[in-house]
file target25.cif (mmCIF, N, CA and C atoms)
data_final
loop_
_atom_site.label_atom_id
_atom_site.label_comp_id
_atom_site.auth_asym_id
_atom_site.auth_seq_id
_atom_site.Cartn_x
_atom_site.Cartn_y
_atom_site.Cartn_z
N MET A 1 2.11 77.56 15.27
CA MET A 1 0.78 77.42 15.84
C MET A 1 0.59 76.02 16.38
N GLY A 2 1.51 75.14 16.13
CA GLY A 2 1.40 73.79 16.66
C GLY A 2 1.32 72.76 15.55
N SER A 3 1.24 71.52 15.94
CA SER A 3 1.18 70.44 14.96
C SER A 3 -0.22 70.29 14.41
N THR A 4 -0.33 69.58 13.30
CA THR A 4 -1.65 69.36 12.73
C THR A 4 -2.31 68.16 13.37
N GLY A 5 -3.62 68.15 13.34
CA GLY A 5 -4.39 67.07 13.95
C GLY A 5 -4.22 65.76 13.21
N GLY A 6 -4.54 64.67 13.88
CA GLY A 6 -4.36 63.34 13.33
C GLY A 6 -5.19 63.07 12.10
N ARG A 7 -6.27 63.77 11.89
CA ARG A 7 -7.12 63.55 10.72
C ARG A 7 -6.76 64.50 9.58
N GLY A 8 -5.56 65.00 9.59
CA GLY A 8 -5.17 65.95 8.57
C GLY A 8 -5.82 67.29 8.78
N GLY A 9 -6.19 67.56 10.00
CA GLY A 9 -6.90 68.79 10.32
C GLY A 9 -5.98 69.90 10.76
N PRO A 10 -6.56 70.95 11.24
CA PRO A 10 -5.82 72.12 11.72
C PRO A 10 -4.98 71.82 12.95
N PRO A 11 -4.24 72.81 13.42
CA PRO A 11 -3.36 72.60 14.57
C PRO A 11 -4.10 72.01 15.76
N SER A 12 -3.48 71.04 16.39
CA SER A 12 -4.10 70.41 17.54
C SER A 12 -3.50 70.89 18.84
N GLN A 13 -2.39 71.59 18.77
CA GLN A 13 -1.71 72.05 19.97
C GLN A 13 -2.03 73.51 20.29
N TRP A 14 -3.28 73.87 20.17
CA TRP A 14 -3.67 75.23 20.52
C TRP A 14 -3.68 75.38 22.02
N HIS A 15 -3.42 76.58 22.45
CA HIS A 15 -3.48 76.91 23.87
C HIS A 15 -4.93 76.82 24.35
N ARG A 16 -5.11 76.54 25.63
CA ARG A 16 -6.47 76.44 26.18
C ARG A 16 -7.26 77.72 25.93
N GLN A 17 -6.59 78.87 26.01
CA GLN A 17 -7.29 80.13 25.75
C GLN A 17 -7.82 80.20 24.32
N ASP A 18 -7.10 79.61 23.37
CA ASP A 18 -7.58 79.57 21.99
C ASP A 18 -8.85 78.74 21.90
N TRP A 19 -8.87 77.61 22.59
CA TRP A 19 -10.07 76.77 22.59
C TRP A 19 -11.24 77.50 23.24
N LEU A 20 -10.96 78.30 24.27
CA LEU A 20 -12.03 79.07 24.91
C LEU A 20 -12.58 80.13 23.95
N VAL A 21 -11.72 80.71 23.14
CA VAL A 21 -12.18 81.64 22.10
C VAL A 21 -13.08 80.89 21.11
N CYS A 22 -12.70 79.66 20.77
CA CYS A 22 -13.54 78.84 19.88
C CYS A 22 -14.91 78.60 20.49
N ILE A 23 -14.94 78.28 21.77
CA ILE A 23 -16.22 78.08 22.45
C ILE A 23 -17.05 79.35 22.37
N GLU A 24 -16.42 80.49 22.64
CA GLU A 24 -17.13 81.76 22.60
C GLU A 24 -17.72 82.03 21.21
N THR A 25 -16.96 81.70 20.17
CA THR A 25 -17.47 81.93 18.82
C THR A 25 -18.68 81.05 18.53
N LEU A 26 -18.63 79.81 19.00
CA LEU A 26 -19.75 78.90 18.77
C LEU A 26 -20.98 79.31 19.57
N VAL A 27 -20.78 79.86 20.75
CA VAL A 27 -21.91 80.35 21.55
C VAL A 27 -22.63 81.46 20.80
N THR A 28 -21.87 82.30 20.10
CA THR A 28 -22.49 83.40 19.37
C THR A 28 -23.32 82.90 18.18
N LEU A 29 -23.05 81.67 17.73
CA LEU A 29 -23.80 81.10 16.61
C LEU A 29 -25.12 80.48 17.01
N THR A 30 -25.23 80.02 18.25
CA THR A 30 -26.36 79.17 18.58
C THR A 30 -26.71 79.19 20.05
N ASP A 31 -27.69 78.40 20.38
CA ASP A 31 -28.07 78.15 21.76
C ASP A 31 -28.52 76.69 21.87
N PRO A 32 -28.62 76.15 23.08
CA PRO A 32 -28.94 74.72 23.21
C PRO A 32 -30.33 74.34 22.70
N GLU A 33 -31.20 75.30 22.54
CA GLU A 33 -32.56 75.03 22.05
C GLU A 33 -32.70 75.28 20.55
N ALA A 34 -31.58 75.43 19.87
CA ALA A 34 -31.59 75.78 18.45
C ALA A 34 -32.32 74.73 17.61
N ALA A 35 -32.97 75.22 16.56
CA ALA A 35 -33.79 74.34 15.74
C ALA A 35 -33.11 73.88 14.45
N THR A 36 -32.17 74.66 13.94
CA THR A 36 -31.57 74.29 12.65
C THR A 36 -30.46 73.25 12.84
N PRO A 37 -30.23 72.42 11.83
CA PRO A 37 -29.15 71.44 11.93
C PRO A 37 -27.78 72.09 12.17
N LYS A 38 -27.51 73.23 11.51
CA LYS A 38 -26.23 73.91 11.70
C LYS A 38 -26.08 74.37 13.15
N GLN A 39 -27.13 74.91 13.72
CA GLN A 39 -27.06 75.38 15.11
C GLN A 39 -26.90 74.20 16.08
N ARG A 40 -27.58 73.10 15.81
CA ARG A 40 -27.41 71.91 16.66
C ARG A 40 -25.99 71.37 16.56
N HIS A 41 -25.45 71.37 15.35
CA HIS A 41 -24.08 70.92 15.14
C HIS A 41 -23.11 71.83 15.91
N ALA A 42 -23.33 73.14 15.82
CA ALA A 42 -22.47 74.10 16.53
C ALA A 42 -22.53 73.86 18.04
N TRP A 43 -23.72 73.59 18.56
CA TRP A 43 -23.85 73.35 20.00
C TRP A 43 -23.13 72.06 20.41
N CYS A 44 -23.27 71.03 19.62
CA CYS A 44 -22.57 69.77 19.93
C CYS A 44 -21.06 69.96 19.87
N LEU A 45 -20.60 70.72 18.89
CA LEU A 45 -19.17 71.01 18.76
C LEU A 45 -18.69 71.80 19.96
N LEU A 46 -19.45 72.77 20.36
CA LEU A 46 -19.13 73.56 21.55
C LEU A 46 -18.98 72.65 22.77
N GLU A 47 -19.91 71.73 22.95
CA GLU A 47 -19.85 70.81 24.10
C GLU A 47 -18.62 69.90 24.01
N THR A 48 -18.28 69.45 22.80
CA THR A 48 -17.10 68.60 22.61
C THR A 48 -15.82 69.35 23.00
N ILE A 49 -15.70 70.58 22.53
CA ILE A 49 -14.51 71.37 22.84
C ILE A 49 -14.46 71.68 24.34
N ALA A 50 -15.60 72.05 24.91
CA ALA A 50 -15.64 72.34 26.35
C ALA A 50 -15.23 71.13 27.17
N ALA A 51 -15.72 69.96 26.79
CA ALA A 51 -15.35 68.73 27.51
C ALA A 51 -13.85 68.48 27.38
N GLY A 52 -13.30 68.71 26.19
CA GLY A 52 -11.87 68.52 25.98
C GLY A 52 -11.02 69.48 26.79
N CYS A 53 -11.59 70.63 27.12
CA CYS A 53 -10.89 71.63 27.93
C CYS A 53 -11.25 71.54 29.40
N ASN A 54 -12.12 70.58 29.72
CA ASN A 54 -12.57 70.41 31.11
C ASN A 54 -13.18 71.69 31.67
N VAL A 55 -14.09 72.27 30.88
CA VAL A 55 -14.77 73.49 31.30
C VAL A 55 -16.27 73.32 31.04
N ASP A 56 -17.07 73.85 31.94
CA ASP A 56 -18.52 73.84 31.78
C ASP A 56 -18.88 74.76 30.62
N PRO A 57 -19.61 74.26 29.60
CA PRO A 57 -19.91 75.11 28.45
C PRO A 57 -20.75 76.34 28.79
N THR A 58 -21.40 76.33 29.93
CA THR A 58 -22.18 77.51 30.33
C THR A 58 -21.36 78.47 31.19
N ALA A 59 -20.15 78.07 31.57
CA ALA A 59 -19.31 78.92 32.43
C ALA A 59 -17.96 79.22 31.81
N TYR A 60 -17.80 78.95 30.51
CA TYR A 60 -16.52 79.15 29.84
C TYR A 60 -16.03 80.59 29.97
N ILE A 61 -16.96 81.55 29.96
CA ILE A 61 -16.59 82.96 29.97
C ILE A 61 -15.78 83.33 31.21
N LEU A 62 -15.99 82.60 32.30
CA LEU A 62 -15.25 82.86 33.53
C LEU A 62 -13.79 82.43 33.41
N GLU A 63 -13.50 81.59 32.43
CA GLU A 63 -12.15 81.06 32.23
C GLU A 63 -11.33 81.87 31.22
N ILE A 64 -11.99 82.74 30.46
CA ILE A 64 -11.30 83.48 29.40
C ILE A 64 -10.45 84.61 29.98
N ASP A 65 -9.24 84.71 29.46
CA ASP A 65 -8.33 85.80 29.80
C ASP A 65 -8.62 86.93 28.81
N ASP A 66 -9.16 88.04 29.30
CA ASP A 66 -9.54 89.14 28.42
C ASP A 66 -8.37 89.75 27.66
N SER A 67 -7.16 89.53 28.13
CA SER A 67 -6.00 90.10 27.44
C SER A 67 -5.46 89.17 26.35
N TRP A 68 -6.08 87.97 26.20
CA TRP A 68 -5.60 87.01 25.22
C TRP A 68 -5.84 87.54 23.81
N GLY A 69 -4.78 87.61 23.04
CA GLY A 69 -4.87 88.10 21.68
C GLY A 69 -3.61 87.80 20.92
N PRO A 70 -3.48 88.32 19.71
CA PRO A 70 -2.33 88.00 18.88
C PRO A 70 -0.98 88.27 19.54
N GLU A 71 -0.89 89.37 20.26
CA GLU A 71 0.41 89.71 20.84
C GLU A 71 0.70 88.98 22.14
N THR A 72 -0.29 88.36 22.75
CA THR A 72 -0.07 87.64 24.01
C THR A 72 -0.12 86.13 23.83
N ALA A 73 -0.53 85.68 22.67
CA ALA A 73 -0.66 84.24 22.45
C ALA A 73 0.71 83.56 22.48
N VAL A 74 0.73 82.43 23.12
CA VAL A 74 1.95 81.64 23.21
C VAL A 74 1.63 80.21 22.81
N GLU A 75 2.65 79.44 22.52
CA GLU A 75 2.44 78.03 22.20
C GLU A 75 1.83 77.31 23.39
N ALA A 76 1.06 76.32 23.11
CA ALA A 76 0.43 75.53 24.16
C ALA A 76 1.48 74.70 24.89
N PRO A 77 1.30 74.51 26.19
CA PRO A 77 2.20 73.60 26.91
C PRO A 77 1.97 72.17 26.43
N THR A 78 2.90 71.31 26.70
CA THR A 78 2.79 69.93 26.23
C THR A 78 1.58 69.20 26.80
N ASP A 79 1.10 69.64 27.95
CA ASP A 79 -0.07 68.99 28.55
C ASP A 79 -1.37 69.74 28.25
N ALA A 80 -1.37 70.55 27.20
CA ALA A 80 -2.55 71.34 26.84
C ALA A 80 -3.70 70.43 26.42
N PRO A 81 -4.93 70.88 26.64
CA PRO A 81 -6.08 70.09 26.17
C PRO A 81 -6.04 69.98 24.66
N GLN A 82 -6.50 68.83 24.14
CA GLN A 82 -6.50 68.60 22.71
C GLN A 82 -7.86 68.12 22.23
N PRO A 83 -8.89 68.95 22.36
CA PRO A 83 -10.21 68.53 21.89
C PRO A 83 -10.26 68.30 20.40
N SER A 84 -9.24 68.73 19.68
CA SER A 84 -9.24 68.59 18.22
C SER A 84 -9.20 67.14 17.77
N ALA A 85 -8.77 66.24 18.62
CA ALA A 85 -8.65 64.83 18.23
C ALA A 85 -9.98 64.24 17.78
N SER A 86 -11.09 64.78 18.28
CA SER A 86 -12.39 64.22 17.93
C SER A 86 -13.13 65.04 16.86
N LEU A 87 -12.48 66.04 16.29
CA LEU A 87 -13.14 66.88 15.29
C LEU A 87 -12.93 66.33 13.89
N ASP A 88 -13.99 66.37 13.08
CA ASP A 88 -13.87 65.94 11.69
C ASP A 88 -13.87 67.16 10.77
N ALA A 89 -13.81 66.93 9.48
CA ALA A 89 -13.71 68.03 8.51
C ALA A 89 -14.90 68.98 8.60
N ASP A 90 -16.10 68.46 8.82
CA ASP A 90 -17.27 69.33 8.95
C ASP A 90 -17.19 70.20 10.19
N ASP A 91 -16.66 69.63 11.27
CA ASP A 91 -16.48 70.40 12.51
C ASP A 91 -15.51 71.55 12.29
N TRP A 92 -14.39 71.24 11.62
CA TRP A 92 -13.39 72.28 11.38
C TRP A 92 -13.94 73.39 10.49
N LYS A 93 -14.72 73.02 9.47
CA LYS A 93 -15.30 74.03 8.58
C LYS A 93 -16.27 74.92 9.34
N LEU A 94 -17.11 74.32 10.18
CA LEU A 94 -18.04 75.10 11.00
C LEU A 94 -17.28 76.02 11.94
N LEU A 95 -16.24 75.51 12.55
CA LEU A 95 -15.45 76.32 13.47
C LEU A 95 -14.76 77.47 12.73
N GLU A 96 -14.23 77.20 11.56
CA GLU A 96 -13.60 78.26 10.76
C GLU A 96 -14.61 79.36 10.44
N THR A 97 -15.80 78.98 10.02
CA THR A 97 -16.84 79.96 9.69
C THR A 97 -17.23 80.77 10.91
N ALA A 98 -17.38 80.10 12.05
CA ALA A 98 -17.75 80.80 13.29
C ALA A 98 -16.65 81.78 13.71
N LEU A 99 -15.41 81.34 13.62
CA LEU A 99 -14.28 82.21 13.99
C LEU A 99 -14.20 83.43 13.07
N GLN A 100 -14.44 83.22 11.77
CA GLN A 100 -14.41 84.34 10.83
C GLN A 100 -15.50 85.35 11.15
N SER A 101 -16.70 84.87 11.42
CA SER A 101 -17.81 85.75 11.75
C SER A 101 -17.54 86.52 13.04
N PHE A 102 -17.05 85.81 14.04
CA PHE A 102 -16.71 86.43 15.33
C PHE A 102 -15.64 87.50 15.11
N ALA A 103 -14.62 87.18 14.32
CA ALA A 103 -13.53 88.13 14.06
C ALA A 103 -14.03 89.38 13.35
N GLU A 104 -14.94 89.21 12.40
CA GLU A 104 -15.49 90.36 11.69
C GLU A 104 -16.29 91.26 12.63
N ASP A 105 -17.07 90.64 13.51
CA ASP A 105 -17.90 91.41 14.44
C ASP A 105 -17.09 92.08 15.54
N ARG A 106 -15.92 91.52 15.85
CA ARG A 106 -15.12 92.03 16.97
C ARG A 106 -13.68 92.32 16.54
N GLN A 107 -13.53 92.86 15.36
CA GLN A 107 -12.20 93.05 14.79
C GLN A 107 -11.31 94.00 15.59
N HIS A 108 -11.89 94.82 16.44
CA HIS A 108 -11.10 95.77 17.21
C HIS A 108 -10.79 95.26 18.62
N THR A 109 -11.12 94.01 18.89
CA THR A 109 -10.82 93.43 20.20
C THR A 109 -9.69 92.42 20.05
N LYS A 110 -9.00 92.17 21.14
CA LYS A 110 -7.90 91.20 21.10
C LYS A 110 -8.41 89.80 20.76
N ARG A 111 -9.54 89.40 21.36
CA ARG A 111 -10.07 88.06 21.06
C ARG A 111 -10.56 87.97 19.63
N GLY A 112 -11.11 89.04 19.11
CA GLY A 112 -11.53 89.05 17.71
C GLY A 112 -10.35 88.89 16.77
N GLN A 113 -9.26 89.56 17.09
CA GLN A 113 -8.05 89.43 16.27
C GLN A 113 -7.47 88.03 16.38
N ARG A 114 -7.52 87.45 17.58
CA ARG A 114 -7.03 86.08 17.74
C ARG A 114 -7.93 85.10 16.98
N ALA A 115 -9.24 85.33 17.00
CA ALA A 115 -10.18 84.49 16.26
C ALA A 115 -9.83 84.51 14.77
N CYS A 116 -9.44 85.66 14.27
CA CYS A 116 -9.04 85.79 12.86
C CYS A 116 -7.81 84.92 12.59
N GLN A 117 -6.84 84.93 13.49
CA GLN A 117 -5.65 84.10 13.33
C GLN A 117 -6.00 82.62 13.36
N LEU A 118 -6.89 82.23 14.26
CA LEU A 118 -7.27 80.83 14.38
C LEU A 118 -8.01 80.36 13.12
N ALA A 119 -8.91 81.21 12.60
CA ALA A 119 -9.61 80.88 11.36
C ALA A 119 -8.62 80.71 10.22
N ALA A 120 -7.62 81.58 10.17
CA ALA A 120 -6.60 81.49 9.11
C ALA A 120 -5.79 80.20 9.25
N ALA A 121 -5.52 79.78 10.48
CA ALA A 121 -4.78 78.52 10.69
C ALA A 121 -5.59 77.34 10.18
N ILE A 122 -6.89 77.36 10.41
CA ILE A 122 -7.74 76.29 9.91
C ILE A 122 -7.75 76.30 8.38
N ALA A 123 -7.93 77.49 7.80
CA ALA A 123 -7.96 77.61 6.34
C ALA A 123 -6.64 77.17 5.73
N ASP A 124 -5.52 77.56 6.35
CA ASP A 124 -4.21 77.16 5.84
C ASP A 124 -4.03 75.66 5.88
N SER A 125 -4.45 75.03 6.96
CA SER A 125 -4.27 73.58 7.06
C SER A 125 -5.19 72.85 6.08
N ALA A 126 -6.38 73.40 5.84
CA ALA A 126 -7.29 72.77 4.87
C ALA A 126 -6.69 72.86 3.48
N HIS A 127 -6.07 73.99 3.19
CA HIS A 127 -5.41 74.19 1.89
C HIS A 127 -4.23 73.20 1.75
N LEU A 128 -3.46 73.06 2.80
CA LEU A 128 -2.30 72.15 2.75
C LEU A 128 -2.73 70.70 2.57
N THR A 129 -3.78 70.28 3.28
CA THR A 129 -4.22 68.89 3.17
C THR A 129 -4.89 68.64 1.82
N ALA A 130 -5.51 69.65 1.22
CA ALA A 130 -6.14 69.48 -0.09
C ALA A 130 -5.09 69.33 -1.18
N ASP A 131 -3.91 69.89 -0.96
CA ASP A 131 -2.83 69.79 -1.94
C ASP A 131 -2.17 68.42 -1.95
N HIS A 132 -2.40 67.63 -0.91
CA HIS A 132 -1.71 66.33 -0.81
C HIS A 132 -2.60 65.20 -1.20
#
call {"tool": "encode", "arguments": {"input": "target25.cif", "output": "structure tokens"}}
result
Amino acid sequence: MGSTGGRGGPPSQWHRQDWLVCIETLVTLTDPEAATPKQRHAWCLLETIAAGCNVDPTAYILEIDDSWGPETAVEAPTDAPQPSASLDADDWKLLETALQSFAEDRQHTKRGQRACQLAAAIADSAHLTADH
């Protein structure tokens, strides 16, 4: 799935399509006018990831490959966007929760299945860093 992030975080070499799935999951959690701290955090995280992928957070859906899923996922190219460099532990936990929720709601779709894999990668890396 790629190397781990510099802060002991999850994989940083995710494919751009994986990051777009992350954006989609965060969009389902919130909106820019959200009132709760968690929703505001999710929106800021969404904007951070979108900026790292050089995509407009309101137009990300136009960039998503609908066939992207577990069987089509490939390693990221060496010049892949790396928005993970600016994410902290709270960001990763929020992203993991969002991906899990998205995966549960869309378990029969390719992106839902990929979201499940991405959430597992975050959980695995958190487990590995907690052991050290």
call {"tool": "resolve_selection", "arguments": {"input": "target25.cif", "expression": "the PyMOL selection byres (((chain A and resi 92 and name CA) around 10) and name CA)", "output": "list in words"}}
result
Gly9, Pro10, Leu45, Ser84, Leu87, Asp88, Ala89, Asp90, Asp91, Lys93, Leu94, Leu95, Glu96, Thr97, Ala98, Ala119, Ile122, Ala123 and Ala126 of chain A
call {"tool": "atom_distance", "arguments": {"input": "target25.cif", "atom1": "atom N of A:Gln13", "atom2": "atom N of A:Thr78"}}
result
9.5 Å
call {"tool": "resolve_selection", "arguments": {"input": "target25.cif", "expression": "the PyMOL selection byres (((chain A and resi 115 and name CA) around 7) and name CA)", "output": "number ranges by chain"}}
result
A: 21, 99-100, 102-103, 111-114, 116-119
call {"tool": "axis_aligned_box", "arguments": {"input": "target25.cif", "around": "stretch 24-27 of chain A", "padding_each_side": "4 Å", "output": "lines of an AutoDock Vina configuration file"}}
result
center_x = -19.5
center_y = 80.5
center_z = 20.6
size_x = 14.2
size_y = 11.1
size_z = 12.1
call {"tool": "atom_distance", "arguments": {"input": "target25.cif", "atom1": "atom CA of A:Glu63", "atom2": "atom CA of A:Cys22"}}
result
12.6 Å
call {"tool": "resolve_selection", "arguments": {"input": "target25.cif", "expression": "the PyMOL selection byres ((chain A and resi 49) around 8)", "output": "list in words"}}
result
Trp19, Leu20, Cys22, Ile23, Trp43, Cys44, Leu45, Leu46, Glu47, Thr48, Ala50, Ala51, Gly52, Cys53, Asn54, Val55, Pro57, Gln82, Pro83 and Ser84 of chain A
